[in-house]
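Undergrad: So I've got this file, structure.cif, and it contains mmCIF, C-alpha atoms and all ligand atoms:
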data_protein
#
loop_
_atom_site.label_atom_id
_atom_site.label_comp_id
_atom_site.auth_asym_id
_atom_site.auth_seq_id
_atom_site.Cartn_x
_atom_site.Cartn_y
_atom_site.Cartn_z
CA MET S 1 15.05 -40.32 6.50
CA PRO S 2 12.90 -39.22 9.43
CA MET S 3 9.96 -36.97 8.67
CA GLN S 4 10.92 -33.33 8.57
CA PRO S 5 9.03 -30.09 8.17
CA ALA S 6 9.62 -27.94 5.10
CA GLN S 7 12.99 -26.21 4.79
CA ARG S 8 11.28 -22.84 4.61
CA LEU S 9 10.43 -23.05 8.30
CA SER S 10 14.14 -22.85 9.10
CA ARG S 11 14.23 -19.39 7.50
CA ILE S 12 12.14 -17.77 10.22
CA PRO S 13 13.16 -17.04 13.80
CA PRO S 14 10.94 -18.47 16.57
CA TYR S 15 7.78 -16.37 17.06
CA ALA S 16 8.82 -13.62 19.50
CA PHE S 17 5.65 -13.82 21.55
CA ALA S 18 5.94 -17.61 21.84
CA GLU S 19 9.23 -17.38 23.78
CA LEU S 20 7.78 -14.82 26.14
CA ASN S 21 4.67 -16.94 26.63
CA ALA S 22 6.80 -19.92 27.63
CA ALA S 23 8.64 -17.94 30.32
CA LYS S 24 5.32 -16.54 31.47
CA ARG S 25 3.74 -20.01 31.72
CA GLU S 26 6.69 -21.16 33.83
CA LEU S 27 6.19 -18.32 36.34
CA VAL S 28 2.41 -18.77 36.36
CA ALA S 29 2.94 -22.45 37.14
CA GLN S 30 5.01 -21.35 40.14
CA GLY S 31 2.09 -19.21 41.28
CA ALA S 32 3.67 -15.83 40.48
CA ASP S 33 1.33 -12.82 40.37
CA LEU S 34 2.28 -11.40 36.98
CA ILE S 35 1.18 -8.07 35.54
CA ASP S 36 0.95 -8.57 31.80
CA LEU S 37 1.89 -5.52 29.76
CA GLY S 38 3.28 -7.75 27.03
CA VAL S 39 1.02 -8.74 24.16
CA GLY S 40 -1.18 -6.05 22.58
CA ASP S 41 -4.55 -7.61 23.25
CA PRO S 42 -7.38 -5.38 24.54
CA ASP S 43 -8.81 -6.37 27.95
CA GLN S 44 -12.16 -4.60 27.55
CA PRO S 45 -15.32 -6.18 26.06
CA THR S 46 -16.49 -5.99 22.45
CA PRO S 47 -19.32 -3.42 22.05
CA ALA S 48 -22.72 -4.84 23.09
CA ASN S 49 -24.35 -4.07 19.72
CA VAL S 50 -21.67 -6.17 17.97
CA VAL S 51 -22.17 -9.14 20.32
CA ALA S 52 -25.96 -8.88 19.99
CA ARG S 53 -25.72 -8.88 16.20
CA LEU S 54 -23.51 -11.99 16.23
CA ILE S 55 -26.11 -13.86 18.30
CA GLN S 56 -28.87 -12.82 15.94
CA GLU S 57 -26.87 -13.71 12.82
CA ALA S 58 -25.64 -17.00 14.27
CA ASN S 59 -29.28 -18.11 14.31
CA GLN S 60 -29.71 -17.51 10.58
CA THR S 61 -29.47 -20.78 8.66
CA ALA S 62 -28.28 -18.94 5.54
CA ASN S 63 -25.19 -17.92 7.48
CA HIS S 64 -24.30 -21.53 8.25
CA ARG S 65 -23.21 -22.13 4.67
CA TYR S 66 -19.87 -21.18 3.09
CA PRO S 67 -19.42 -17.42 3.15
CA ASP S 68 -18.83 -15.30 0.08
CA TYR S 69 -15.06 -15.75 -0.29
CA GLU S 70 -14.38 -12.07 -0.94
CA GLY S 71 -16.55 -11.05 2.00
CA ALA S 72 -20.29 -10.55 2.49
CA PRO S 73 -21.58 -7.75 0.23
CA GLU S 74 -23.03 -6.06 3.36
CA PHE S 75 -19.62 -6.15 5.05
CA ARG S 76 -17.77 -4.75 2.04
CA ALA S 77 -20.43 -2.03 1.65
CA ALA S 78 -20.22 -1.13 5.36
CA MET S 79 -16.43 -1.02 5.17
CA THR S 80 -16.26 1.19 2.07
CA GLU S 81 -19.03 3.49 3.38
CA TYR S 82 -17.06 3.79 6.61
CA TYR S 83 -13.96 4.83 4.64
CA GLY S 84 -16.06 7.51 2.96
CA ARG S 85 -17.34 8.90 6.27
CA ARG S 86 -14.13 8.57 8.27
CA PHE S 87 -11.46 9.45 5.70
CA GLY S 88 -13.34 10.95 2.74
CA VAL S 89 -11.99 8.09 0.62
CA SER S 90 -14.23 6.52 -2.01
CA LEU S 91 -13.77 2.82 -2.71
CA ASP S 92 -15.49 0.31 -4.99
CA PRO S 93 -16.72 -2.44 -2.64
CA ASN S 94 -16.39 -5.02 -5.42
CA LYS S 95 -12.93 -4.23 -6.75
CA GLU S 96 -11.20 -2.32 -3.98
CA CYS S 97 -12.18 -4.20 -0.83
CA VAL S 98 -11.82 -7.77 0.41
CA ALA S 99 -12.84 -9.08 3.83
CA LEU S 100 -10.08 -10.65 5.90
CA ILE S 101 -9.95 -13.27 8.64
CA GLY S 102 -8.12 -10.65 10.72
CA SER S 103 -5.59 -8.33 9.12
CA LYS S 104 -2.72 -10.70 9.95
CA GLU S 105 -4.22 -13.12 7.44
CA GLY S 106 -4.49 -10.40 4.81
CA LEU S 107 -0.99 -9.01 5.37
CA SER S 108 0.43 -12.53 5.10
CA HIS S 109 -1.48 -13.46 1.98
CA LEU S 110 -0.71 -10.08 0.37
CA ILE S 111 2.95 -11.08 0.55
CA TRP S 112 2.19 -14.42 -1.13
CA ALA S 113 0.16 -12.53 -3.73
CA MET S 114 2.94 -10.05 -4.57
CA VAL S 115 6.33 -11.55 -3.78
CA ASP S 116 8.33 -14.05 -5.84
CA PRO S 117 11.51 -15.74 -4.62
CA GLY S 118 14.34 -13.20 -4.72
CA ASP S 119 12.07 -10.15 -4.52
CA VAL S 120 12.80 -7.53 -1.89
CA VAL S 121 10.20 -6.36 0.61
CA LEU S 122 10.86 -3.09 2.44
CA VAL S 123 9.93 -3.57 6.08
CA PRO S 124 10.18 -1.20 9.02
CA ASP S 125 12.60 -2.18 11.79
CA PRO S 126 11.34 -2.59 14.49
CA ALA S 127 7.98 -3.91 13.25
CA TYR S 128 5.13 -6.33 13.65
CA PRO S 129 7.07 -9.56 12.91
CA VAL S 130 4.69 -10.91 10.27
CA TYR S 131 5.96 -8.62 7.47
CA SER S 132 9.40 -10.20 7.48
CA SER S 133 8.50 -13.72 8.57
CA GLN S 134 5.99 -14.17 5.73
CA THR S 135 8.42 -12.56 3.27
CA LEU S 136 11.01 -15.16 4.28
CA LEU S 137 8.49 -18.00 4.01
CA ALA S 138 7.60 -16.80 0.51
CA GLY S 139 11.28 -16.83 -0.49
CA GLY S 140 11.61 -13.05 -0.56
CA THR S 141 14.19 -10.88 1.16
CA PRO S 142 13.11 -8.39 3.80
CA TYR S 143 15.10 -5.13 3.65
CA PRO S 144 14.91 -3.34 7.00
CA MET S 145 14.09 0.36 7.12
CA PRO S 146 15.28 1.48 10.58
CA LEU S 147 12.79 3.50 12.64
CA LEU S 148 14.98 5.75 14.76
CA ALA S 149 14.10 8.27 17.44
CA ALA S 150 16.21 10.83 15.54
CA ASN S 151 13.77 10.52 12.58
CA ASP S 152 10.64 10.46 14.75
CA PHE S 153 10.46 6.70 14.05
CA LEU S 154 9.72 7.27 10.35
CA PRO S 155 11.75 5.36 7.74
CA ASP S 156 14.32 7.45 5.87
CA LEU S 157 13.16 6.75 2.32
CA ALA S 158 16.12 8.63 0.82
CA ALA S 159 18.47 6.17 2.54
CA ILE S 160 17.11 3.16 0.63
CA PRO S 161 19.75 2.28 -2.00
CA ALA S 162 18.58 2.55 -5.63
CA GLY S 163 19.51 -1.10 -6.25
CA VAL S 164 17.33 -2.24 -3.36
CA ALA S 165 14.39 -0.08 -4.46
CA ALA S 166 14.71 -1.52 -7.98
CA LYS S 167 14.31 -5.08 -6.64
CA ALA S 168 11.51 -4.21 -4.20
CA LYS S 169 7.96 -5.35 -4.92
CA LEU S 170 6.26 -4.32 -1.71
CA MET S 171 6.78 -1.88 1.15
CA PHE S 172 5.08 -1.90 4.53
CA ILE S 173 4.39 1.08 6.74
CA ASN S 174 2.29 1.12 9.92
CA TYR S 175 1.09 4.27 11.71
CA PRO S 176 0.19 4.79 14.49
CA ASN S 177 3.08 2.39 14.85
CA ASN S 178 3.55 -0.87 16.64
CA PRO S 179 5.91 -1.07 18.52
CA THR S 180 7.25 2.52 18.65
CA SER S 181 3.79 4.15 19.11
CA ALA S 182 4.91 6.93 16.72
CA VAL S 183 2.43 8.64 14.43
CA ALA S 184 2.90 9.83 10.83
CA SER S 185 1.55 12.87 9.04
CA LEU S 186 -0.31 12.77 5.75
CA GLU S 187 2.80 14.46 4.27
CA PHE S 188 4.90 11.43 5.21
CA MET S 189 2.24 9.14 3.69
CA ALA S 190 2.39 11.25 0.50
CA ALA S 191 6.17 10.84 0.40
CA ALA S 192 5.79 7.06 0.78
CA VAL S 193 3.20 7.00 -2.04
CA ALA S 194 5.55 9.04 -4.27
CA PHE S 195 8.41 6.65 -3.47
CA ALA S 196 6.23 3.63 -4.31
CA ARG S 197 5.13 5.23 -7.56
CA ARG S 198 8.70 6.13 -8.57
CA HIS S 199 9.93 2.56 -8.02
CA ASN S 200 6.80 0.57 -9.06
CA ILE S 201 6.35 -0.81 -5.56
CA LEU S 202 3.06 -1.72 -3.91
CA LEU S 203 2.78 0.26 -0.66
CA CYS S 204 0.82 -1.45 2.13
CA HIS S 205 -0.22 0.64 5.08
CA ASP S 206 -1.11 -1.46 8.11
CA ALA S 207 -3.76 0.69 9.79
CA ALA S 208 -4.33 -1.56 12.82
CA TYR S 209 -4.17 1.44 15.20
CA VAL S 210 -5.67 4.17 13.04
CA GLU S 211 -8.58 4.61 15.50
CA MET S 212 -6.45 4.45 18.66
CA THR S 213 -5.31 8.04 19.14
CA PHE S 214 -5.19 10.52 22.01
CA ASP S 215 -5.12 14.22 22.86
CA GLY S 216 -7.37 15.20 19.94
CA TYR S 217 -5.07 13.70 17.32
CA ALA S 218 -6.75 11.81 14.42
CA ALA S 219 -4.57 9.50 12.30
CA PRO S 220 -4.76 9.55 8.49
CA SER S 221 -5.39 6.74 6.02
CA VAL S 222 -2.75 6.39 3.31
CA LEU S 223 -5.65 6.40 0.83
CA GLN S 224 -6.25 10.08 1.65
CA VAL S 225 -3.17 10.86 -0.42
CA PRO S 226 -4.42 11.87 -3.88
CA GLY S 227 -3.81 9.03 -6.36
CA ALA S 228 -2.76 6.61 -3.60
CA LYS S 229 -5.03 3.86 -4.91
CA GLU S 230 -2.76 3.55 -7.95
CA VAL S 231 0.03 2.16 -5.78
CA ALA S 232 -1.31 1.50 -2.28
CA VAL S 233 -3.49 -0.76 -0.18
CA GLU S 234 -4.45 -0.44 3.46
CA ALA S 235 -5.19 -3.16 6.00
CA TYR S 236 -8.02 -2.14 8.32
CA SER S 237 -8.58 -4.26 11.40
CA LEU S 238 -11.57 -4.35 13.71
CA SER S 239 -9.45 -6.20 16.30
CA LYS S 240 -7.88 -3.46 18.37
CA PRO S 241 -10.37 -0.56 18.10
CA PHE S 242 -13.50 -2.69 18.72
CA ASN S 243 -11.85 -5.09 21.23
CA MET S 244 -12.39 -7.91 18.74
CA THR S 245 -9.00 -9.64 18.53
CA GLY S 246 -10.62 -13.04 19.04
CA TRP S 247 -13.19 -12.54 16.31
CA ARG S 248 -10.77 -12.34 13.36
CA VAL S 249 -12.23 -9.74 11.04
CA GLY S 250 -10.80 -6.90 8.98
CA ALA S 251 -10.46 -5.75 5.39
CA MET S 252 -7.85 -4.93 2.78
CA VAL S 253 -8.82 -1.89 0.73
CA GLY S 254 -7.26 0.09 -2.11
CA ASN S 255 -5.40 -0.86 -5.30
CA ALA S 256 -7.64 -3.12 -7.41
CA MET S 257 -4.79 -5.17 -8.95
CA ALA S 258 -3.41 -6.02 -5.50
CA ILE S 259 -6.87 -6.76 -4.05
CA ASN S 260 -7.55 -9.06 -6.99
CA ALA S 261 -4.25 -10.89 -6.49
CA LEU S 262 -4.98 -11.23 -2.77
CA LYS S 263 -8.42 -12.66 -3.57
CA ALA S 264 -6.79 -15.27 -5.83
CA ILE S 265 -4.51 -16.44 -2.98
CA LYS S 266 -7.38 -16.43 -0.48
CA ASN S 267 -9.70 -18.25 -2.83
CA ASN S 268 -7.18 -21.09 -2.91
CA THR S 269 -6.43 -21.03 0.81
CA ASP S 270 -9.43 -20.18 2.97
CA SER S 271 -13.13 -19.93 2.34
CA GLY S 272 -13.73 -16.63 4.07
CA GLN S 273 -14.83 -15.48 7.50
CA PHE S 274 -18.10 -16.75 9.07
CA THR S 275 -20.81 -14.46 7.66
CA ALA S 276 -22.30 -13.93 11.15
CA VAL S 277 -18.96 -12.48 12.33
CA GLN S 278 -18.83 -10.19 9.31
CA MET S 279 -22.40 -9.02 10.02
CA ALA S 280 -21.41 -8.33 13.63
CA GLY S 281 -18.60 -6.21 12.19
CA VAL S 282 -21.20 -4.37 10.09
CA ALA S 283 -23.05 -3.52 13.32
CA GLY S 284 -19.82 -2.06 14.71
CA LEU S 285 -19.02 -0.01 11.61
CA GLN S 286 -22.60 1.22 11.19
CA GLY S 287 -23.19 1.91 14.86
CA ASP S 288 -21.73 4.83 16.78
CA ALA S 289 -18.14 3.71 16.23
CA ASN S 290 -16.83 7.19 17.02
CA ALA S 291 -18.42 7.20 20.46
CA PHE S 292 -17.02 3.75 21.19
CA PHE S 293 -13.52 4.72 20.06
CA ALA S 294 -13.70 7.90 22.15
CA HIS S 295 -14.72 5.82 25.18
CA MET S 296 -11.82 3.40 24.69
CA ASN S 297 -9.28 6.12 23.92
CA HIS S 298 -10.30 7.87 27.13
CA ILE S 299 -9.53 4.68 29.06
CA TYR S 300 -6.17 4.27 27.31
CA THR S 301 -5.27 7.92 27.91
CA ALA S 302 -5.66 7.48 31.67
CA ARG S 303 -3.54 4.30 31.61
CA ARG S 304 -0.93 5.94 29.40
CA ASP S 305 -0.65 8.91 31.73
CA ALA S 306 -0.34 6.64 34.79
CA LEU S 307 2.35 4.54 33.11
CA ILE S 308 4.34 7.46 31.67
CA GLN S 309 4.25 9.39 34.94
CA GLY S 310 5.20 6.28 36.90
CA LEU S 311 8.06 5.24 34.61
CA ARG S 312 9.46 8.77 34.65
CA SER S 313 9.28 8.84 38.45
CA VAL S 314 11.50 5.74 38.59
CA GLY S 315 14.11 7.24 36.29
CA LEU S 316 13.02 5.95 32.85
CA HIS S 317 12.46 8.30 29.91
CA PRO S 318 9.53 7.22 27.71
CA ASP S 319 7.82 9.70 25.37
CA SER S 320 4.07 10.07 25.79
CA PRO S 321 2.47 8.54 22.66
CA LYS S 322 -0.31 10.12 20.56
CA GLY S 323 -1.49 6.74 19.29
CA THR S 324 -1.60 2.93 19.73
CA PHE S 325 -1.87 1.33 23.15
CA TYR S 326 1.89 0.96 23.61
CA VAL S 327 4.61 2.84 25.42
CA TRP S 328 8.05 2.54 23.81
CA CYS S 329 10.52 3.01 26.60
CA PRO S 330 14.31 3.32 26.37
CA VAL S 331 16.00 0.82 28.73
CA PRO S 332 18.34 2.12 31.45
CA ASP S 333 21.97 2.79 30.49
CA GLY S 334 24.02 -0.39 30.34
CA GLU S 335 20.99 -2.68 29.86
CA THR S 336 19.93 -4.56 26.74
CA SER S 337 16.30 -4.96 25.65
CA ALA S 338 16.26 -8.66 26.40
CA GLY S 339 18.16 -8.26 29.67
CA PHE S 340 15.85 -5.55 30.93
CA ALA S 341 12.67 -7.38 29.85
CA THR S 342 13.95 -10.49 31.63
CA LYS S 343 14.66 -8.45 34.76
CA LEU S 344 11.16 -6.98 34.60
CA LEU S 345 9.67 -10.44 34.27
CA ARG S 346 11.78 -12.37 36.78
CA GLN S 347 12.25 -9.67 39.45
CA ALA S 348 9.25 -7.33 39.09
CA HIS S 349 6.85 -9.93 37.67
CA VAL S 350 5.92 -7.40 34.99
CA ILE S 351 5.71 -8.61 31.42
CA ALA S 352 6.99 -6.24 28.73
CA MET S 353 8.22 -7.01 25.23
CA PRO S 354 11.93 -6.58 24.51
CA GLY S 355 12.26 -4.09 21.64
CA SER S 356 14.74 -6.41 19.95
CA ALA S 357 11.92 -8.94 19.41
CA PHE S 358 10.62 -6.53 16.75
CA GLY S 359 13.93 -6.16 14.90
CA ALA S 360 17.55 -5.12 15.42
CA ALA S 361 16.69 -1.41 15.54
CA GLY S 362 14.36 -2.13 18.47
CA GLU S 363 17.40 -2.85 20.64
CA GLY S 364 17.58 -0.45 23.55
CA TYR S 365 13.82 -0.33 24.15
CA VAL S 366 11.06 -2.29 25.81
CA ARG S 367 7.40 -2.06 24.82
CA PHE S 368 4.67 -1.83 27.44
CA ALA S 369 1.04 -2.42 26.41
CA LEU S 370 -1.77 -0.42 28.06
CA THR S 371 -3.83 -3.53 28.65
CA VAL S 372 -4.47 -3.35 32.40
CA ASP S 373 -6.41 -0.79 34.45
CA VAL S 374 -4.89 2.28 36.08
CA ASP S 375 -4.55 0.65 39.53
CA LEU S 376 -2.69 -2.35 38.18
CA THR S 377 -0.59 -0.07 35.96
CA GLN S 378 0.44 1.85 39.08
CA LYS S 379 1.21 -1.40 40.88
CA ALA S 380 3.44 -2.44 37.96
CA VAL S 381 5.29 0.87 38.17
CA GLU S 382 5.81 0.46 41.93
CA ARG S 383 7.36 -2.93 41.34
CA ILE S 384 9.58 -1.53 38.59
CA GLY S 385 10.64 1.23 40.99
CA GLN S 386 11.93 -1.42 43.39
CA LEU S 387 14.29 -2.81 40.73
CA LYS S 388 17.81 -1.55 40.90
CA VAL S 389 17.87 0.19 37.50
C1 LIG Q 1 -2.43 -6.54 16.17
C2 LIG Q 1 -1.77 -6.16 14.88
C3 LIG Q 1 -2.21 -6.70 13.67
C4 LIG Q 1 -3.14 -7.90 13.60
O1 LIG Q 1 -4.41 -7.63 13.77
P1 LIG Q 1 -5.54 -8.69 13.42
O2 LIG Q 1 -6.48 -7.91 12.58
O3 LIG Q 1 -6.10 -9.11 14.72
O4 LIG Q 1 -4.95 -9.82 12.66
C5 LIG Q 1 -1.68 -6.24 12.50
N1 LIG Q 1 -0.72 -5.30 12.51
C6 LIG Q 1 -0.25 -4.78 13.62
C7 LIG Q 1 0.81 -3.74 13.56
C8 LIG Q 1 -0.75 -5.21 14.85
O5 LIG Q 1 -0.23 -4.72 15.97
#
Here is a file; write its structure as structure tokens.
TA:
Amino acid sequence: MPMQPAQRLSRIPPYAFAELNAAKRELVAQGADLIDLGVGDPDQPTPANVVARLIQEANQTANHRYPDYEGAPEFRAAMTEYYGRRFGVSLDPNKECVALIGSKEGLSHLIWAMVDPGDVVLVPDPAYPVYSSQTLLAGGTPYPMPLLAANDFLPDLAAIPAGVAAKAKLMFINYPNNPTSAVASLEFMAAAVAFARRHNILLCHDAAYVEMTFDGYAAPSVLQVPGAKEVAVEAYSLSKPFNMTGWRVGAMVGNAMAINALKAIKNNTDSGQFTAVQMAGVAGLQGDANAFFAHMNHIYTARRDALIQGLRSVGLHPDSPKGTFYVWCPVPDGETSAGFATKLLRQAHVIAMPGSAFGAAGEGYVRFALTVDVDLTQKAVERIGQLKV
């Protein structure tokens, strides 16, 4: 028998972004001048104080050894103090916080920590693909909760069948939301916490975009719901708000049982994030994070407005988002997500993500990321305007 990878790999669809990257590479090889509004990866630099701290900490011999596997005490303290200042949430840095090698790592390992074969995981549809792909790898069954425009892109918790809820171990929510760019009120979070409590489900709020908000709107933490820690955890990522996607640092905070289970998986898988990177994260969290977020959100607001105005002027109908750095745009009548994204790529040389790459309920949309400056955003819109849509 020839060598073969594990069967479990056949359970997951090919990584959505990988297919797009292949098509993109092909056009780049042909010398095409592409405008990339595809992957959500900030184009602006990491704050200078964070970079400076990394350089300083990289020179410390003590940091060259294995890190503390649950995260440097300074990082966990900075993280939990930040939650106190930002959300008014008090957390025990030893029991209710673990450092992550990026939140993707933590979300993935949380699934391995909580889900046995046959267990159900409630996942939004459309969603960040990792929630369902890791559930499938772990032998669990993702149950999609459609995010529909008619429900303001919030899952309809009352529509989840009792039998499904009874088998569910874990539920993911993510607001401000990737890919729909919708936001959720604290009242919705409270309803999700109540649902999790009623059905003995761990609720995981992916807060990757909690700092990326516009027009005076501030997004809540699920842990602001009274009693949330009894049933909920939250993944906080430094990647998007601090322009640190390449650095791989974040934290999982909240329910002590779940954090402990996650630590047990991590302890047997990785040996933690480089302490110097964590200390650089401390500089970000303890510096004037608010001013930096305001600066970035100002930049994204201008790009959002240019993109929304431009798309509307060429006959598309996107809503203007209050959060994330995405625009979730209905495709023209008679088009599919994949067909329209392909047209954008091949004919306009503009990269956007087909909504269907995030789940069946994403069909009918494309997602644009606000990752290029206003001038290039306008150029993208001009090219889209020349398509026959
Ligand atoms: C980008 C993203 C992440 C991953 O962030 P990292 O901390 O860089 O791993 C997690 N969730 C969502 C919804 C994202 O869009």
Undergrad: Counting only C-alpha atoms and all ligand atoms, which residues of chain S fall within 6 Å of ligand LIG 1 (chain Q), and what is the closest atom pair for each with its distance in Å at one decimal, ordered by chain and rising number, as CSV?
TA:
residue,atom,partner,partner_atom,distance
S:Gly102,CA,Q:LIG1,O2,3.7
S:Ser103,CA,Q:LIG1,O2,3.6
S:Lys104,CA,Q:LIG1,O4,3.6
S:Tyr128,CA,Q:LIG1,C7,5.0
S:Asn178,CA,Q:LIG1,C7,5.0
S:Asp206,CA,Q:LIG1,N1,5.9
S:Ala208,CA,Q:LIG1,N1,5.2
S:Ser237,CA,Q:LIG1,O2,4.4
S:Ser239,CA,Q:LIG1,O3,4.7
S:Thr245,CA,Q:LIG1,O3,4.8
S:Arg248,CA,Q:LIG1,O3,5.8
S:Gly250,CA,Q:LIG1,O2,5.7
Undergrad: Kindly save the residues from that selection, with C-alpha atoms included, as a compact mmCIF listing (two decimals), in the coordinates of the input.
TA:
# COMPACT_ATOMS: atom_id res chain seq x y z
CA GLY S 102 -8.12 -10.65 10.72
CA SER S 103 -5.59 -8.33 9.12
CA LYS S 104 -2.72 -10.70 9.95
CA TYR S 128 5.13 -6.33 13.65
CA ASN S 178 3.55 -0.87 16.64
CA ASP S 206 -1.11 -1.46 8.11
CA ALA S 208 -4.33 -1.56 12.82
CA SER S 237 -8.58 -4.26 11.40
CA SER S 239 -9.45 -6.20 16.30
CA THR S 245 -9.00 -9.64 18.53
CA ARG S 248 -10.77 -12.34 13.36
CA GLY S 250 -10.80 -6.90 8.98
Undergrad: Taking 5 positions as the minimum chain separation for residues in the same chain, which residues sit within 10 Å of Ser271 of chain S when counting all atoms listed in the file? Answer as a PyMOL selection string.
TA: chain S and resi 66-71+101+266
Undergrad: Compile the contact shell of Met279 of chain S as JSON, numbers by chain: residues with an atom at most 12 Å away, counting all atoms listed in the file, same-chain residues fewer than 6 positions apart removed.
TA: {"S": [49, 50, 51, 52, 53, 54, 55, 56, 57, 58, 60, 63, 67, 71, 72, 73, 74, 75, 76, 77, 78, 79, 99, 247, 249, 250, 273, 285, 286, 287]}
Undergrad: Hey, can you pull every residue with an atom no more than 12 Å from (9.7, 0.3, 19.0), using only C-alpha atoms, and send it as an MDAnalysis selection string?
TA: chainID S and resid 124:129 146:149 152:154 174:183 318:319 321 324 326:331 337 353:369
Undergrad: Could you write those residues out with C-alpha atoms, as a short mmCIF file (atom, residue, chain, number, x, y, z; two decimals), in the frame of the given file?
TA:
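Contents of part-v3.cif, freshly written:
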data_model
loop_
_atom_site.label_atom_id
_atom_site.label_comp_id
_atom_site.auth_asym_id
_atom_site.auth_seq_id
_atom_site.Cartn_x
_atom_site.Cartn_y
_atom_site.Cartn_z
CA PRO S 124 10.18 -1.20 9.02
CA ASP S 125 12.60 -2.18 11.79
CA PRO S 126 11.34 -2.59 14.49
CA ALA S 127 7.98 -3.91 13.25
CA TYR S 128 5.13 -6.33 13.65
CA PRO S 129 7.07 -9.56 12.91
CA PRO S 146 15.28 1.48 10.58
CA LEU S 147 12.79 3.50 12.64
CA LEU S 148 14.98 5.75 14.76
CA ALA S 149 14.10 8.27 17.44
CA ASP S 152 10.64 10.46 14.75
CA PHE S 153 10.46 6.70 14.05
CA LEU S 154 9.72 7.27 10.35
CA ASN S 174 2.29 1.12 9.92
CA TYR S 175 1.09 4.27 11.71
CA PRO S 176 0.19 4.79 14.49
CA ASN S 177 3.08 2.39 14.85
CA ASN S 178 3.55 -0.87 16.64
CA PRO S 179 5.91 -1.07 18.52
CA THR S 180 7.25 2.52 18.65
CA SER S 181 3.79 4.15 19.11
CA ALA S 182 4.91 6.93 16.72
CA VAL S 183 2.43 8.64 14.43
CA PRO S 318 9.53 7.22 27.71
CA ASP S 319 7.82 9.70 25.37
CA PRO S 321 2.47 8.54 22.66
CA THR S 324 -1.60 2.93 19.73
CA TYR S 326 1.89 0.96 23.61
CA VAL S 327 4.61 2.84 25.42
CA TRP S 328 8.05 2.54 23.81
CA CYS S 329 10.52 3.01 26.60
CA PRO S 330 14.31 3.32 26.37
CA VAL S 331 16.00 0.82 28.73
CA SER S 337 16.30 -4.96 25.65
CA MET S 353 8.22 -7.01 25.23
CA PRO S 354 11.93 -6.58 24.51
CA GLY S 355 12.26 -4.09 21.64
CA SER S 356 14.74 -6.41 19.95
CA ALA S 357 11.92 -8.94 19.41
CA PHE S 358 10.62 -6.53 16.75
CA GLY S 359 13.93 -6.16 14.90
CA ALA S 360 17.55 -5.12 15.42
CA ALA S 361 16.69 -1.41 15.54
CA GLY S 362 14.36 -2.13 18.47
CA GLU S 363 17.40 -2.85 20.64
CA GLY S 364 17.58 -0.45 23.55
CA TYR S 365 13.82 -0.33 24.15
CA VAL S 366 11.06 -2.29 25.81
CA ARG S 367 7.40 -2.06 24.82
CA PHE S 368 4.67 -1.83 27.44
CA ALA S 369 1.04 -2.42 26.41
#
Undergrad: Could you jot down the atom CA of Gln44 of chain S to atom CA of Arg312 of chain S separation for me, Å, one decimal place?
TA: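 Result for atom CA of Gln44 of chain S versus atom CA of Arg312 of chain S: 26.4 Å, one decimal.
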Undergrad: My structure is short of atoms at segment 94-101 of chain S; please model N, CA, C and O atoms there, returning them as a JSON list (two decimals), keeping the file's coordinate frame.
TA:
[["chain", "number", "residue", "atom", "x", "y", "z"],
["S", 94, "ASN", "N", -16.62, -3.78, -4.69],
["S", 94, "ASN", "CA", -16.39, -5.02, -5.42],
["S", 94, "ASN", "C", -14.95, -5.21, -5.86],
["S", 94, "ASN", "O", -14.45, -6.32, -5.89],
["S", 95, "LYS", "N", -14.29, -4.11, -6.19],
["S", 95, "LYS", "CA", -12.93, -4.23, -6.75],
["S", 95, "LYS", "C", -11.84, -3.76, -5.80],
["S", 95, "LYS", "O", -10.67, -4.09, -5.98],
["S", 96, "GLU", "N", -12.22, -2.96, -4.82],
["S", 96, "GLU", "CA", -11.20, -2.32, -3.98],
["S", 96, "GLU", "C", -11.35, -2.67, -2.50],
["S", 96, "GLU", "O", -10.90, -1.92, -1.64],
["S", 97, "CYS", "N", -11.97, -3.80, -2.22],
["S", 97, "CYS", "CA", -12.18, -4.20, -0.83],
["S", 97, "CYS", "C", -12.35, -5.72, -0.75],
["S", 97, "CYS", "O", -13.12, -6.29, -1.53],
["S", 98, "VAL", "N", -11.61, -6.34, 0.16],
["S", 98, "VAL", "CA", -11.82, -7.77, 0.41],
["S", 98, "VAL", "C", -11.83, -7.97, 1.93],
["S", 98, "VAL", "O", -11.04, -7.35, 2.64],
["S", 99, "ALA", "N", -12.77, -8.79, 2.38],
["S", 99, "ALA", "CA", -12.84, -9.08, 3.83],
["S", 99, "ALA", "C", -11.69, -10.02, 4.21],
["S", 99, "ALA", "O", -11.29, -10.87, 3.42],
["S", 100, "LEU", "N", -11.19, -9.83, 5.41],
["S", 100, "LEU", "CA", -10.08, -10.65, 5.90],
["S", 100, "LEU", "C", -10.47, -11.41, 7.16],
["S", 100, "LEU", "O", -11.35, -10.97, 7.91],
["S", 101, "ILE", "N", -9.77, -12.51, 7.40],
["S", 101, "ILE", "CA", -9.95, -13.27, 8.64],
["S", 101, "ILE", "C", -8.94, -12.69, 9.64],
["S", 101, "ILE", "O", -8.00, -13.34, 10.07]]
